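Enquirer: Structure below; questions to follow.
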Amino acid sequence: MVKKMKTVDIYVKNNIYQHIEVLKTNRNKRYKSREFFVEGVRNINAAIENGWHIKSLIYGEEKLSDWAKNILRTTSTEVNYRLFNQLITGLSNKSDASELLAIVEMREDNELVKTLEISDTTFIVLFDRPSNKGNLGTLIRSCDAFGVNLLILTGHAVDLYDPDVISASMGSFFNLKVVRLTDNNSLAKIIDKAKMEQVDFKIVGSTAHHAECIDSVDLSLPIMLMVGNETMGLNKTYKTLCDKLCTIPMDVNANASSFNVSCAASIIMYEVIRQRRSHEIRDISTGESISRER
């Protein structure tokens with residue numbers, strides 16, 4: 001039985017309201033308080049289901065749906081806020097204001113890295129300097145869909161905890177391990193650990209320039225896929241770390257010269273999964289999967 005949560009009523013744009021409001025727009029404030037703003041049924045459900053700490057739930061004076069009532073009744077929080085005088089419309093990013101909003105506690109990058117287990121199916125994706133919120137959110141969604149174990153963000157990038165990134169992920173944000181690395185030493189430690197525990201571990205970089213086609217590169221091994229910035233691509237430092245650079249074949253008559261970065265990454269991730277499936281056979285008598293020798 002979840003204990004009854006403390007609820008604070010807010011009638012004007014006081015300090016509490018302004019703090020919630022600034023979490024939507026101010027990156028520095030988010031990291032200072034170690035919390036971020038979440039909106040949407042799918043995102044709130046995913047945050048709760050995946051064990052994120054919900055610090056506060058926010059709702060208006062209008063009648064709530066059974067879903068919202070159940071979330072309020074069953075979710076442990078530090079304090080909830082009930083907004084009057086249509087204040088909730090100023091916080092919602094939707095034309096039809098959401099009935100329930102949430103403030104969620106950030107997770108520690110170091111802890112996520114420590115819990116990373118390396119195996120013969122390890123699949124890590126690195127996104128170098130993402131500059132578009134929608135692309136990052138879409139890539140998070142694709143990584144979740146293709147079973148990626150860890151997404152690494154490097155360099156000067158859009159904020160992982162920006163509401164637009166979370167919204168674009170359609171709930172996948174809360175089901176995927178994502179870490180932000182501020183220096184190459186941290187990345188080197190992850191790579192060294194992976195290579196020490198899996199001798200077949202490979203790093204593959206994507207490029208729009210002439211390189212090996214993705215279907216001719218062995219992607220069935222434990223792997224780190226590196227994809228680059230939308231405009232500048234993968235930086236030279238990361239290219240030198242790659243065992244292979246690969247490209248997606250395009251029609252010779254195509255006017256397009258490259259793919260959107262999240263689209264390209266999704267195509268390569270699918271090829272990883274396709275190749276891994278092709279390395280499995282099933283024992284007809286037992287139905288169990290048996291790995292083929294690579």
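Letters for chains follow the order of the structure tokens (A, B, ...), residue numbers begin at 1 for each chain, and ligand numbers begin at 1 in the order shown.
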Tell me, which residues of segment 15-125 of chain A carry DSSP strand (DSSP E or B), written as a PyMOL selection string?
Expert: chain A and resi 35-39+54-60+80-83+100-105+123-125
Enquirer: Please produce a file of the residues just selected, as a JSON list (two decimals), in the first residue's frame, where the atoms kept are N, CA, C and O atoms.
Expert:
[["chain", "number", "residue", "atom", "x", "y", "z"],
["A", 35, "GLU", "N", 17.09, 17.06, -11.81],
["A", 35, "GLU", "CA", 15.73, 16.61, -12.11],
["A", 35, "GLU", "C", 15.27, 17.21, -13.43],
["A", 35, "GLU", "O", 15.82, 18.21, -13.90],
["A", 36, "PHE", "N", 14.27, 16.59, -14.04],
["A", 36, "PHE", "CA", 13.81, 17.03, -15.35],
["A", 36, "PHE", "C", 12.31, 16.85, -15.49],
["A", 36, "PHE", "O", 11.66, 16.13, -14.72],
["A", 37, "PHE", "N", 11.78, 17.51, -16.50],
["A", 37, "PHE", "CA", 10.34, 17.62, -16.74],
["A", 37, "PHE", "C", 9.89, 16.53, -17.72],
["A", 37, "PHE", "O", 10.53, 16.30, -18.74],
["A", 38, "VAL", "N", 8.76, 15.87, -17.40],
["A", 38, "VAL", "CA", 8.24, 14.81, -18.26],
["A", 38, "VAL", "C", 6.75, 15.02, -18.49],
["A", 38, "VAL", "O", 6.00, 15.33, -17.56],
["A", 39, "GLU", "N", 6.35, 14.84, -19.75],
["A", 39, "GLU", "CA", 4.93, 14.99, -20.12],
["A", 39, "GLU", "C", 4.54, 13.84, -21.04],
["A", 39, "GLU", "O", 5.34, 13.35, -21.81],
["A", 54, "ILE", "N", 10.23, 9.17, -9.33],
["A", 54, "ILE", "CA", 9.31, 10.28, -9.63],
["A", 54, "ILE", "C", 9.28, 11.19, -8.40],
["A", 54, "ILE", "O", 8.75, 10.81, -7.35],
["A", 55, "LYS", "N", 9.81, 12.37, -8.51],
["A", 55, "LYS", "CA", 9.87, 13.27, -7.37],
["A", 55, "LYS", "C", 8.53, 13.95, -7.12],
["A", 55, "LYS", "O", 8.11, 14.12, -5.97],
["A", 56, "SER", "N", 7.85, 14.35, -8.22],
["A", 56, "SER", "CA", 6.57, 15.04, -8.07],
["A", 56, "SER", "C", 5.67, 14.74, -9.26],
["A", 56, "SER", "O", 6.15, 14.56, -10.39],
["A", 57, "LEU", "N", 4.38, 14.71, -8.99],
["A", 57, "LEU", "CA", 3.36, 14.67, -10.03],
["A", 57, "LEU", "C", 2.59, 15.98, -9.97],
["A", 57, "LEU", "O", 2.33, 16.51, -8.88],
["A", 58, "ILE", "N", 2.22, 16.50, -11.12],
["A", 58, "ILE", "CA", 1.59, 17.81, -11.22],
["A", 58, "ILE", "C", 0.29, 17.67, -11.98],
["A", 58, "ILE", "O", 0.26, 17.04, -13.05],
["A", 59, "TYR", "N", -0.78, 18.25, -11.46],
["A", 59, "TYR", "CA", -2.08, 18.14, -12.13],
["A", 59, "TYR", "C", -2.92, 19.38, -11.85],
["A", 59, "TYR", "O", -2.61, 20.18, -10.95],
["A", 60, "GLY", "N", -3.96, 19.56, -12.65],
["A", 60, "GLY", "CA", -4.82, 20.74, -12.52],
["A", 60, "GLY", "C", -6.07, 20.46, -11.71],
["A", 60, "GLY", "O", -6.24, 19.39, -11.12],
["A", 80, "ASN", "N", 3.44, 16.24, -4.34],
["A", 80, "ASN", "CA", 2.69, 16.49, -5.57],
["A", 80, "ASN", "C", 2.15, 17.92, -5.56],
["A", 80, "ASN", "O", 2.00, 18.53, -4.50],
["A", 81, "TYR", "N", 1.86, 18.44, -6.76],
["A", 81, "TYR", "CA", 1.37, 19.81, -6.87],
["A", 81, "TYR", "C", 0.06, 19.84, -7.64],
["A", 81, "TYR", "O", -0.03, 19.28, -8.74],
["A", 82, "ARG", "N", -0.93, 20.49, -7.05],
["A", 82, "ARG", "CA", -2.22, 20.70, -7.73],
["A", 82, "ARG", "C", -2.31, 22.17, -8.11],
["A", 82, "ARG", "O", -2.22, 23.06, -7.26],
["A", 83, "LEU", "N", -2.46, 22.40, -9.43],
["A", 83, "LEU", "CA", -2.45, 23.77, -9.95],
["A", 83, "LEU", "C", -3.87, 24.25, -10.24],
["A", 83, "LEU", "O", -4.66, 23.53, -10.86],
["A", 100, "LEU", "N", -1.65, 15.33, -16.55],
["A", 100, "LEU", "CA", -0.67, 14.93, -15.55],
["A", 100, "LEU", "C", 0.74, 15.16, -16.09],
["A", 100, "LEU", "O", 1.07, 14.78, -17.22],
["A", 101, "LEU", "N", 1.58, 15.81, -15.30],
["A", 101, "LEU", "CA", 2.98, 16.07, -15.62],
["A", 101, "LEU", "C", 3.83, 15.47, -14.49],
["A", 101, "LEU", "O", 3.31, 15.14, -13.42],
["A", 102, "ALA", "N", 5.12, 15.34, -14.74],
["A", 102, "ALA", "CA", 5.98, 14.75, -13.73],
["A", 102, "ALA", "C", 7.34, 15.42, -13.67],
["A", 102, "ALA", "O", 7.84, 15.91, -14.69],
["A", 103, "ILE", "N", 7.91, 15.43, -12.49],
["A", 103, "ILE", "CA", 9.30, 15.82, -12.28],
["A", 103, "ILE", "C", 10.05, 14.56, -11.86],
["A", 103, "ILE", "O", 9.68, 13.91, -10.89],
["A", 104, "VAL", "N", 11.09, 14.20, -12.63],
["A", 104, "VAL", "CA", 11.79, 12.94, -12.43],
["A", 104, "VAL", "C", 13.25, 13.19, -12.11],
["A", 104, "VAL", "O", 13.86, 14.12, -12.63],
["A", 105, "GLU", "N", 13.80, 12.37, -11.24],
["A", 105, "GLU", "CA", 15.20, 12.51, -10.85],
["A", 105, "GLU", "C", 16.12, 11.92, -11.91],
["A", 105, "GLU", "O", 15.86, 10.85, -12.45],
["A", 123, "PHE", "N", 25.97, -4.82, -27.56],
["A", 123, "PHE", "CA", 25.68, -3.89, -28.66],
["A", 123, "PHE", "C", 25.63, -2.49, -28.07],
["A", 123, "PHE", "O", 24.71, -2.13, -27.34],
["A", 124, "ILE", "N", 26.67, -1.71, -28.37],
["A", 124, "ILE", "CA", 26.78, -0.34, -27.88],
["A", 124, "ILE", "C", 26.72, 0.61, -29.07],
["A", 124, "ILE", "O", 27.27, 0.32, -30.13],
["A", 125, "VAL", "N", 26.04, 1.73, -28.90],
["A", 125, "VAL", "CA", 25.99, 2.76, -29.94],
["A", 125, "VAL", "C", 26.56, 4.05, -29.37],
["A", 125, "VAL", "O", 26.24, 4.43, -28.24]]
Enquirer: So which residues touch Val158 of chain A within 9 Å, counting only C-alpha atoms, skipping near sequence neighbours fewer than 5 positions away, as a ChimeraX atom specification?
Expert: /A:129-133,136,165
Enquirer: For the residues in the current selection, export C-alpha atoms as a PDB file, in the first residue's frame.
Expert:
ATOM      1  CA  ARG A 129      27.862  15.512 -30.883  1.00  0.00           C
ATOM      2  CA  PRO A 130      24.137  15.165 -31.690  1.00  0.00           C
ATOM      3  CA  SER A 131      22.829  18.620 -32.557  1.00  0.00           C
ATOM      4  CA  ASN A 132      19.142  17.943 -33.205  1.00  0.00           C
ATOM      5  CA  LYS A 133      16.672  17.075 -30.441  1.00  0.00           C
ATOM      6  CA  LEU A 136      18.464  12.152 -30.660  1.00  0.00           C
ATOM      7  CA  VAL A 165      14.229  14.688 -26.756  1.00  0.00           C
TER       8      VAL A 165
END
Enquirer: Quick one, how far is atom CA of Asp128 of chain A from atom CA of Asn45 of chain A?
Expert: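 A separation of 29.4 Å between them.
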Enquirer: Just the residues within 12 Å of Arg180 of chain A, please, counting only C-alpha atoms, with nothing from its chain fewer than 2 positions along; format it as a ChimeraX atom specification.
Expert: /A:107-113,126-130,150-161,177-178,182-184,186-187
Enquirer: Contacts of Met5 of chain A at 10 Å or less, counting only C-alpha atoms, minus same-chain residues fewer than 2 places along, as a list in words?
Expert: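 Returned residues: Val2, Lys3, Thr7, Val8, Ser56, Leu57, Leu72, Arg73, Thr74, Thr75, Ser76, Thr77, Glu78, Val79 and Asn80 of chain A.
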Enquirer: Could you save the residues just selected, with C-alpha atoms, as a CSV table (one decimal), in the first residue's frame?
Expert:
chain,number,residue,atom,x,y,z
A,2,VAL,CA,1.5,3.3,-1.1
A,3,LYS,CA,1.2,6.0,1.6
A,7,THR,CA,0.0,17.7,-2.0
A,8,VAL,CA,0.7,21.4,-2.3
A,56,SER,CA,6.6,15.0,-8.1
A,57,LEU,CA,3.4,14.7,-10.0
A,72,LEU,CA,-1.5,9.5,-8.2
A,73,ARG,CA,-2.7,6.8,-5.9
A,74,THR,CA,0.0,4.2,-6.6
A,75,THR,CA,3.1,6.2,-7.3
A,76,SER,CA,5.4,7.2,-4.4
A,77,THR,CA,6.6,10.8,-4.7
A,78,GLU,CA,8.2,13.4,-2.4
A,79,VAL,CA,5.4,15.9,-3.0
A,80,ASN,CA,2.7,16.5,-5.6
Enquirer: From a DSSP calculation on the backbone, collect every residue of segment 45-237 of chain A in alpha helix (DSSP H) and output the set as a PyMOL selection string.
Expert: chain A and resi 45-49+66-74+109-114+133-145+163-168+184-197+236-237
Enquirer: Per residue of segment 83-148 of chain A within 9 Å of segment 62-71 of chain A, what are the shortest atom pair and its distance in Å to one decimal, counting only C-alpha atoms, with rows by chain and residue number, as a tab-separated table?
Expert:
residue	atom	partner	partner_atom	distance
A:Phe84	CA	A:Glu62	CA	8.8
A:Gln86	CA	A:Glu62	CA	8.9
A:Glu99	CA	A:Leu64	CA	6.8
A:Leu100	CA	A:Ala68	CA	6.5
Enquirer: Compare A:Asp215, A:Glu117, A:Asp144, A:Glu197 by their minimum atom-to-atom distance to Arg274 of chain A, counting only C-alpha atoms, and give me the closest one.
Expert: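 The closest residue to Arg274 of chain A is A:Asp215.
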Enquirer: Could you give me, as a Markdown table, a per-residue list for segment 139-187 of chain A showing, wherever an atom lies at most 12 Å from an atom of segment 247-269 of chain A, the closest pair of atoms and their distance in Å to one decimal, using only C-alpha atoms and sorting by chain then residue number from low to high?
Expert:
| residue | atom | partner | partner_atom | distance |
| --- | --- | --- | --- | --- |
| A:Leu139 | CA | A:Ser262 | CA | 5.1 |
| A:Ile140 | CA | A:Ser262 | CA | 8.9 |
| A:Arg141 | CA | A:Ser266 | CA | 9.5 |
| A:Ser142 | CA | A:Ser266 | CA | 6.0 |
| A:Cys143 | CA | A:Ser266 | CA | 7.7 |
| A:Asp144 | CA | A:Met269 | CA | 10.6 |
| A:Ala145 | CA | A:Ser266 | CA | 9.4 |
| A:Phe146 | CA | A:Met269 | CA | 6.6 |
| A:Gly147 | CA | A:Met269 | CA | 9.2 |
| A:Val148 | CA | A:Met269 | CA | 8.6 |
| A:Leu151 | CA | A:Ala265 | CA | 11.9 |
| A:Ala168 | CA | A:Ser262 | CA | 11.9 |
| A:Ser169 | CA | A:Ser262 | CA | 11.8 |
Enquirer: Between A:His210, A:Arg27, A:Arg277, A:Lys114, single out the one closest to Val179 of chain A, counting only C-alpha atoms.
Expert: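 Closest to Val179 of chain A of all the choices is A:Lys114.
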